[in-house]
Each structure stands twice: as C-alpha cells, then as structure tokens.
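Peer 1: File model-v8.txt follows (compact mmCIF, C-alpha atoms):
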# COMPACT_ATOMS: atom_id res chain seq x y z
CA MET N 211 -21.63 11.04 3.88
CA VAL N 212 -23.13 7.81 2.69
CA LEU N 213 -22.14 4.40 3.89
CA ALA N 214 -23.57 0.96 3.70
CA ALA N 215 -26.60 2.37 1.93
CA CYS N 216 -27.00 4.40 5.06
CA ASP N 217 -26.45 7.87 6.39
CA ILE N 218 -24.35 7.95 9.53
CA ASP N 219 -22.52 11.12 10.25
CA PRO N 220 -18.89 10.31 10.86
CA PRO N 221 -16.79 12.29 13.31
CA PRO N 222 -15.08 15.39 11.94
CA ARG N 223 -12.00 14.42 9.99
CA ALA N 224 -8.79 16.36 9.96
CA GLU N 225 -8.12 18.42 6.86
CA GLY N 226 -6.13 16.54 4.29
CA THR N 227 -7.27 13.10 5.29
CA SER N 228 -8.40 10.63 2.71
CA ALA N 229 -11.94 10.72 1.40
CA PRO N 230 -14.41 8.28 2.93
CA THR N 231 -14.62 4.96 1.23
CA PRO N 232 -17.53 4.39 -1.13
CA GLU N 233 -20.56 2.75 0.36
CA PRO N 234 -20.31 -1.04 0.30
CA PRO N 235 -23.79 -2.38 -0.45
CA GLU N 236 -23.05 -5.54 1.56
CA ASP N 237 -23.35 -3.50 4.75
CA SER N 238 -27.09 -2.98 4.31
CA ALA N 239 -27.73 -6.62 5.20
CA LEU N 240 -25.31 -6.34 8.09
CA VAL N 241 -27.15 -3.30 9.47
CA ALA N 242 -30.43 -5.19 9.11
CA SER N 243 -29.04 -8.09 11.16
CA VAL N 244 -27.88 -5.76 13.93
CA VAL N 245 -31.25 -4.01 13.91
CA ALA N 246 -32.95 -7.40 14.28
CA ALA N 247 -30.64 -8.23 17.20
CA LEU N 248 -31.50 -4.93 18.89
CA VAL N 249 -35.23 -5.52 18.37
CA ARG N 250 -34.90 -8.98 19.93
CA ALA N 251 -33.02 -7.55 22.91
CA ARG N 252 -35.63 -4.82 23.30
CA GLY N 253 -38.31 -7.50 23.36
CA VAL N 254 -36.56 -9.23 26.23
CA LEU N 255 -36.24 -5.94 28.13
CA ASP N 256 -39.92 -5.12 27.58
CA ALA N 257 -40.91 -8.60 28.74
CA ALA N 258 -38.66 -8.21 31.78
CA VAL N 259 -40.37 -4.98 32.83
CA THR N 260 -43.76 -6.61 32.37
CA ALA N 261 -42.76 -9.67 34.40
CA ALA N 262 -41.01 -7.72 37.14
CA PRO N 263 -42.17 -4.07 37.25
CA ASP N 264 -39.83 -3.43 40.18
CA LEU N 265 -36.96 -3.68 37.69
CA ALA N 266 -38.27 -0.86 35.50
CA ALA N 267 -35.99 1.79 36.96
CA ARG N 268 -32.91 -0.39 36.53
CA LEU N 269 -33.75 -1.48 33.01
CA ASP N 270 -34.95 1.86 31.68
CA PRO N 271 -31.41 3.19 30.96
CA VAL N 272 -30.72 0.09 28.88
CA LEU N 273 -33.97 0.55 26.96
CA VAL N 274 -33.20 4.21 26.35
CA ALA N 275 -29.70 3.41 25.05
CA HIS N 276 -30.90 0.66 22.74
CA ALA N 277 -33.70 2.90 21.45
CA ALA N 278 -31.06 5.44 20.43
CA HIS N 279 -28.96 2.71 18.82
CA LEU N 280 -32.00 1.48 16.90
CA ASP N 281 -33.01 4.97 15.81
CA LEU N 282 -29.61 5.66 14.31
CA LEU N 283 -29.24 2.33 12.54
CA VAL N 284 -32.80 2.21 11.22
CA GLY N 285 -32.54 5.81 10.05
CA ALA N 286 -29.29 5.01 8.28
CA VAL N 287 -30.89 2.55 5.88
CA PRO N 288 -33.36 4.23 3.50
CA GLU N 289 -36.81 2.69 3.34
CA SER N 290 -35.94 0.11 5.95
CA GLU N 291 -38.57 -1.22 8.29
CA VAL N 292 -38.12 -2.14 11.91
CA PRO N 293 -38.72 -5.87 12.28
CA THR N 294 -40.84 -7.25 15.04
CA ALA N 295 -39.85 -9.87 17.58
CA GLU N 296 -42.04 -12.29 19.45
CA PRO N 297 -41.87 -11.23 23.11
CA PRO N 298 -40.37 -14.00 25.22
CA SER N 299 -42.15 -15.40 28.23
CA LEU N 300 -40.19 -14.72 31.40
CA PRO N 301 -40.66 -15.90 34.98
CA SER N 302 -41.75 -13.27 37.46
CA ARG N 303 -38.98 -13.83 39.98
CA VAL N 304 -36.55 -10.90 39.85
CA PRO N 305 -33.31 -12.94 39.91
CA ALA N 306 -34.52 -15.11 37.04
CA VAL N 307 -35.61 -12.08 35.05
CA LEU N 308 -32.24 -10.40 35.55
CA THR N 309 -30.47 -13.56 34.46
CA ALA N 310 -32.54 -13.63 31.27
CA VAL N 311 -31.77 -9.97 30.60
CA ARG N 312 -28.06 -10.46 31.18
CA ARG N 313 -27.97 -13.43 28.80
CA SER N 314 -29.86 -11.44 26.22
CA GLU N 315 -27.47 -8.49 26.51
CA GLN N 316 -24.43 -10.77 26.24
CA ARG N 317 -25.93 -12.30 23.11
CA LEU N 318 -26.54 -8.82 21.71
CA LEU N 319 -22.95 -7.86 22.50
CA ARG N 320 -21.67 -10.86 20.53
CA GLU N 321 -23.91 -10.01 17.58
CA VAL N 322 -22.88 -6.36 17.49
CA ARG N 323 -19.19 -7.29 17.80
CA THR N 324 -19.56 -9.62 14.84
CA GLY N 325 -21.24 -6.85 12.87
CA CYS N 326 -18.45 -4.44 13.72
CA LEU N 327 -15.75 -6.85 12.60
CA ASP N 328 -17.58 -7.69 9.37
CA ALA N 329 -18.52 -4.13 8.37
CA ARG N 330 -17.00 -2.97 5.11
CA SER N 331 -17.49 0.66 6.06
CA GLY N 332 -15.07 1.95 8.68
CA ASP N 333 -17.55 4.55 9.89
CA LEU N 334 -20.23 1.91 10.37
CA ALA N 335 -17.69 -0.26 12.22
CA ARG N 336 -17.01 2.68 14.52
CA VAL N 337 -20.71 3.16 15.26
CA LEU N 338 -21.16 -0.54 15.98
CA ALA N 339 -18.08 -0.51 18.22
CA SER N 340 -19.73 2.24 20.23
CA VAL N 341 -22.96 0.23 20.44
CA ALA N 342 -20.95 -2.77 21.65
CA ALA N 343 -19.15 -0.63 24.25
CA SER N 344 -22.46 0.78 25.48
CA THR N 345 -24.02 -2.67 25.67
CA SER N 346 -21.06 -3.95 27.67
CA GLN N 347 -21.27 -0.98 30.05
CA HIS N 348 -24.97 -1.53 30.68
CA ALA N 349 -24.46 -5.27 31.17
CA ALA N 350 -21.75 -4.53 33.74
CA ALA N 351 -24.02 -2.06 35.51
CA LEU N 352 -26.76 -4.69 35.72
CA ALA N 353 -24.29 -7.23 37.06
CA ASP N 354 -23.08 -4.79 39.72
CA GLY N 355 -26.61 -4.10 40.79
CA ALA N 356 -27.33 -7.79 41.13
CA ALA N 357 -25.29 -8.14 44.29
CA PRO N 358 -27.52 -8.71 47.30
CA MET R 161 -6.03 9.13 7.88
CA THR R 162 -4.29 5.79 7.37
CA VAL R 163 -4.25 2.83 9.72
CA LEU R 164 -0.67 3.80 10.62
CA ASP R 165 -1.84 7.30 11.56
CA ALA R 166 -4.58 5.81 13.74
CA LEU R 167 -2.12 3.41 15.37
CA GLN R 168 0.26 6.27 16.14
CA ASP R 169 -2.59 8.39 17.54
CA THR R 170 -3.62 5.50 19.75
CA LEU R 171 -0.04 4.94 20.90
CA GLY R 172 0.29 8.63 21.73
CA ASP R 173 -2.89 8.46 23.76
CA GLU R 174 -1.56 5.39 25.58
CA HIS R 175 1.61 7.23 26.56
CA ALA R 176 -0.57 9.92 28.12
CA ALA R 177 -2.83 7.34 29.79
CA LEU R 178 0.13 5.56 31.38
CA TYR R 179 1.51 8.84 32.69
CA THR R 180 -1.90 9.74 34.10
CA TYR R 181 -2.41 6.35 35.75
CA GLY R 182 1.05 6.64 37.29
CA VAL R 183 0.20 9.98 38.84
CA LEU R 184 -3.22 8.81 40.00
CA GLY R 185 -1.76 5.69 41.59
CA ALA R 186 0.83 7.75 43.43
CA ARG R 187 -1.91 9.96 44.87
CA THR R 188 -4.12 7.06 45.97
CA SER R 189 -3.81 5.35 49.32
CA GLN R 190 -3.85 1.58 49.11
CA ALA R 191 -4.85 1.42 52.78
CA ALA R 192 -7.60 4.05 52.70
CA THR R 193 -9.13 3.25 49.29
CA PRO R 194 -8.07 -0.29 48.36
CA ALA R 195 -10.75 -0.78 45.70
CA LEU R 196 -9.74 2.37 43.84
CA TYR R 197 -6.06 1.52 44.21
CA ASP R 198 -6.67 -1.94 42.74
CA ALA R 199 -8.73 -0.47 39.89
CA LEU R 200 -5.94 1.97 39.06
CA THR R 201 -3.32 -0.77 39.23
CA THR R 202 -5.31 -2.97 36.88
CA GLY R 203 -5.83 -0.03 34.54
CA TYR R 204 -2.12 0.80 34.54
CA ARG R 205 -1.20 -2.78 33.67
CA ARG R 206 -3.78 -2.97 30.90
CA HIS R 207 -2.57 0.28 29.33
CA ARG R 208 1.07 -0.78 29.63
CA ALA R 209 0.31 -3.99 27.73
CA ARG R 210 -1.70 -1.98 25.21
CA ARG R 211 1.19 0.44 24.66
CA ASP R 212 3.59 -2.45 24.10
CA ARG R 213 1.22 -4.06 21.61
CA LEU R 214 0.76 -0.78 19.78
CA ARG R 215 4.52 -0.36 19.40
CA VAL R 216 4.64 -3.72 17.66
CA LEU R 217 1.63 -2.90 15.47
CA VAL R 218 3.16 0.43 14.43
CA GLU R 219 6.41 -1.29 13.46
CA GLU R 220 4.52 -3.98 11.57
CA ALA R 221 2.73 -1.20 9.68
CA GLY R 222 6.09 0.26 8.68
CA GLY R 223 6.26 3.13 11.14
CA VAL R 224 8.49 4.28 13.95
CA PRO R 225 6.51 4.29 17.21
CA VAL R 226 5.91 7.78 18.57
CA ALA R 227 7.77 8.48 21.80
CA ALA R 228 6.20 9.55 25.04
CA ALA R 229 6.39 13.15 26.14
CA ALA R 230 8.35 14.01 29.26
CA ALA R 231 5.13 14.97 31.03
CA TYR R 232 1.45 15.50 30.34
CA GLU R 233 -0.92 18.14 31.64
CA LEU R 234 -3.47 16.86 34.11
CA ASP R 235 -6.80 18.41 35.00
CA GLY R 236 -6.55 20.01 38.44
CA PRO R 237 -4.81 19.04 41.64
CA LEU R 238 -6.20 15.49 41.79
CA LEU R 239 -5.95 15.35 45.56
CA ARG R 240 -9.40 14.01 46.40
CA VAL R 241 -10.75 10.57 45.66
CA ALA R 242 -13.52 12.00 43.47
CA GLN R 243 -10.96 13.97 41.45
CA VAL R 244 -8.80 10.89 40.95
CA GLN R 245 -11.83 8.86 39.87
CA ALA R 246 -12.98 11.56 37.45
CA GLU R 247 -9.54 11.80 35.86
CA ALA R 248 -9.32 8.02 35.52
CA VAL R 249 -12.77 7.87 33.91
CA ALA R 250 -11.79 10.70 31.55
CA THR R 251 -8.65 8.78 30.62
CA GLU R 252 -10.68 5.71 29.71
CA GLU R 253 -13.21 7.83 27.80
CA SER R 254 -10.36 9.25 25.74
CA SER R 255 -9.04 5.74 25.14
CA VAL R 256 -12.42 4.56 23.84
CA GLU R 257 -12.63 7.52 21.46
CA VAL R 258 -9.15 6.97 20.04
CA LEU R 259 -9.63 3.21 19.78
CA LEU R 260 -12.90 3.68 17.91
CA ALA R 261 -11.02 5.80 15.38
CA LEU R 262 -8.61 2.87 15.00
CA VAL R 263 -11.57 0.52 14.55
CA ALA R 264 -12.79 2.74 11.70
CA GLN R 265 -9.41 2.77 9.97
CA SER R 266 -8.47 -0.88 10.36
CA VAL R 267 -9.66 -4.32 9.34
CA GLY R 268 -9.07 -7.89 10.46
CA ALA R 269 -6.94 -8.60 13.50
CA VAL R 270 -6.13 -4.96 14.24
CA ARG R 271 -9.81 -3.99 14.24
CA GLU R 272 -10.65 -6.98 16.42
CA TRP R 273 -7.94 -5.98 18.90
CA ALA R 274 -9.00 -2.32 18.90
CA LEU R 275 -12.64 -3.29 19.45
CA ALA R 276 -11.77 -5.56 22.38
CA GLU R 277 -9.67 -2.82 23.97
CA ALA R 278 -12.38 -0.20 23.41
CA ILE R 279 -14.96 -2.42 25.09
CA TRP R 280 -12.59 -3.01 27.99
CA SER R 281 -11.92 0.71 28.48
CA ALA R 282 -15.63 1.51 28.28
CA THR R 283 -16.53 -1.17 30.80
CA TRP R 284 -13.65 -0.37 33.15
CA GLN R 285 -15.10 3.11 33.62
CA LEU R 286 -17.72 1.54 35.89
CA GLU R 287 -14.98 0.19 38.17
CA LEU R 288 -13.63 3.73 38.37
CA GLY R 289 -16.92 5.33 39.35
CA GLY R 290 -18.27 6.13 35.89
CA GLY R 291 -21.62 5.13 34.48
CA PRO R 292 -22.93 3.58 31.27
CA ARG R 293 -23.35 5.82 28.23
CA THR R 294 -25.35 5.53 25.05
CA TRP R 295 -22.48 6.36 22.70
CA PRO R 296 -19.14 5.79 24.44
CA GLY R 297 -16.27 6.97 22.28
CA ALA R 298 -18.61 8.72 19.83
CA PRO R 299 -19.78 11.86 21.65
CA GLU R 300 -21.00 13.52 18.46
CA LEU R 301 -23.83 10.94 18.35
CA ASP R 302 -25.22 11.91 21.78
Give the structure from this file in structure tokens form.

Peer 2:
Amino acid sequence: MVLAACDIDPPPRAEGTSAPTPEPPEDSALVASVVAALVRARGVLDAAVTAAPDLAARLDPVLVAHAAHLDLLVGAVPESEVPTAEPPSLPSRVPAVLTAVRRSEQRLLREVRTGCLDARSGDLARVLASVAASTSQHAAALADGAAP
Amino acid sequence: MTVLDALQDTLGDEHAALYTYGVLGARTSQAATPALYDALTTGYRRHRARRDRLRVLVEEAGGVPVAAAAAYELDGPLLRVAQVQAEAVATEESSVEVLLALVAQSVGAVREWALAEAIWSATWQLELGGGPRTWPGAPELD
C-alpha cells in the first residue's frame, strides 16, 4: 500500500472493508518534519550519552526505539535523505542532562502528536500515534528512574 | 471499516476492559498492595469515562452503542500479583491497539481524543508493571 508518498504496511484489514485512501501528497512534508524532529531528539540523546556516559544504559532503549521510528519513516518516503542536526552542548551533571533529555522528549512528543493529527493518511496517523505512545512511555520510564 | 465501525470496536473493547479491571480490583488487596490497587482504581475510572464518551460518540455518528457481554474470558486464575499486573498490562495493550485503529479511521476531534487515550493507555502500562515498547499498539511493526 502507498500512502503519503510513502510505503508503510498497514495492519491486516478485515475482508470487505473499504480500500485504503489514495496517497495524499501533502503528507510527504509532514513525514519530513517528523523525521527532522526525531533527528533532533536523537542528537540530544547522543549528546547526553557523551556528556554523561553513566546514562548510556538508561538512554539506550530510547535511542533504539527512535532509530526504529526513523528507519520506518525515512524508508517510507522514496529518495528522502535523513537531515542532520547540530548536536547540542549539554552540561556533564547527570540531573541536568536528564532534564535536557526529558524536555527534548516532551518536545518530540508534541511534534509527533501534531503530525498525527494533521496526517491526511489514516495509516500514517496510526504509525505516528504509535511513535507518540512509545515516546511517552520512554519519557515516563526516564522520569521514574530519576527518583533518588 | 468506517469511523462508526472503529468506534463500536473501541466501545466493545472498553466493555471488556471495565469487566477485567473490576475482576482485577476485586482480587487485589488494598492493604497488601496499595500501589497496585490505586493503579487499578485509576485505570477503572479512566476506562469508565472512556466508555461513556464512546457511547456518545457512537450515537453522534448515527449508531446504537454496542452492549456489554454478561462476562468476558480472562487469562488464567489471576490470583498472584504478577498475574494481575500482567492482565492489566495486556488490557492496556489491547486498548492502545484498538484506539490506534480509531485514530486511523477518524479525523479532527475524534482522532485527537483517540490519540490522547492511546497515549494514556500506553503510558499507564508502566504504572502497572509494564515497560516501554518501540511500537505500542502496532505489533506488526516490531
């Protein structure tokens, strides 16, 4: 199936359901904006691990999840290129680094939510809803782990 | 599938979730496991409000809200804390999956509501002993 100038496999549909909606070209720009948001968030996570290597084990699951999100979205848009993001400079104190990561993930969550709500393709909206749910889960896990 | 179909599917899933939460709450000691009891109580209230909202949305979409079954099959005896937690997490996982289908079929205010509820159910899994996933509600992408 094709959607938003992208290939994202939708879940199996029951027999007799309506055909998927045609691909709305507007969604290509939307996917690009979400990809850029994910790249920015990845930059913050990479900088966080560099600044506070002790956090690597806690942040690795978030990096792995976002890498999968990026792979799917980038692969869904033919001939798209992954943008680059200037790595932020973070303090080396662990609490400050975690605060920066949490803010970054909350910003990403807002951006993905907006993308989900604006998507013309229902299947793309579903994928972005899952990315938002995953981002929220990881942010909550980081918050739980922050307790002294 | 139409948005009304997705709303009815979600309402049916909420009937089952409420039944499950009721059973899990009855098998959980408030004195022995207060955190789990509180998490189940919060979950029950959230799903009850969600069911009520879905009934309205179904009617607004021109449908007759599906009724709850008399009982639902649960997975195992659910006598131990870990079993209760696992069933509660599975209930929320199911909710996320059904709500994401509603996200796909809807637009505007209904999609926004479904997305907010999906995010809540995904995040609440951590309060119930679950962990973060890469593709909550979309297992075929894992």

Peer 1: Set the cut-off to 8 Å and count all atoms listed in the file: what are the residues of chain R that reach chain N? Output as a list of chain:residue names.

Peer 2: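 The answer, sorted by residue number, is R:Met161, R:Thr162, R:Leu260, R:Ala261, R:Val263, R:Ala264, R:Gln265, R:Ser266, R:Val267, R:Gly268, R:Arg271, R:Glu272, R:Leu275, R:Ala278, R:Ile279, R:Trp280, R:Ala282, R:Thr283, R:Leu286, R:Gly291, R:Pro292, R:Arg293, R:Thr294, R:Trp295, R:Pro296, R:Gly297, R:Ala298, R:Glu300.
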
Peer 1: Can you tell me how far atom CA of Ser314 of chain N sits from atom CA of Ser281 of chain R, in Å to one decimal?

Peer 2: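 Going from atom CA of Ser314 of chain N over to atom CA of Ser281 of chain R, I get 21.8 Å.
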
Peer 1: Kindly indicate which residue among N:Leu318, N:Val311, N:Pro293, N:Val259 lies nearest to Ala246 of chain N, using only C-alpha atoms for the distances.

Peer 2: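 Ranked by minimum distance to Ala246 of chain N, first place goes to N:Pro293.
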
Peer 1: For Val241 of chain N, please output as a ChimeraX atom specification all residues within 9 Å (counting all atoms listed in the file; exclusion window: fewer than 5 positions along the same chain).

Peer 2: /N:214,216,246,283-284,286-287,325,329,334

Peer 1: Could you state the separation of atom CA of Val244 of chain N and atom CA of Val292 of chain N in Å, given to one decimal place?

Peer 2: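 These two atoms are separated by 11.0 Å.
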
Peer 1: Name the residues, using the chain letters and numbers of the file, that sit within 8 Å of (-36.0, -7.0, 36.2) when counting all atoms listed in the file, and give them as a list in words.

Peer 2: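 Applying the cut-off with all atoms listed in the file, one gets Ala258, Val259, Ala261, Ala262, Pro263, Asp264, Leu265, Ala266, Arg268, Leu269, Val304, Pro305, Val307, Leu308 and Val311 of chain N.
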
Peer 1: Rounded to one decimal in Å, what is the spacing between atom CA of Leu200 of chain R and atom CA of Leu288 of chain R?

Peer 2: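 Atom CA of Leu288 of chain R lies 7.9 Å from atom CA of Leu200 of chain R.
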
Peer 1: Excluding segment 168-181 of chain R and residues on its chain fewer than 4 positions from it, collect all residues at most 9 Å away from it, counting only C-alpha atoms, and give them as a PyMOL selection string.

Peer 2: chain R and resi 163-164+185-186+200-201+203-205+207-208+210-212+214-215+218+223-229+231-234+247-248+251-252+254-255+258-259+261-262

Peer 1: Nearest to Leu239 of chain R: which of R:Gly290, R:Gln285, R:Glu277, R:Arg187 is it, counting only C-alpha atoms?

Peer 2: R:Arg187

Peer 1: Would you compute an axis-aligned box for segment 267-284 of chain N, covering every atom listed for it in the file with 6 Å of margin on each side, and report centre and edge lengths in Å to one decimal as JSON?

Peer 2:
{"center_x": -32.5, "center_y": 2.1, "center_z": 24.1, "size_x": 19.0, "size_y": 19.1, "size_z": 37.7}
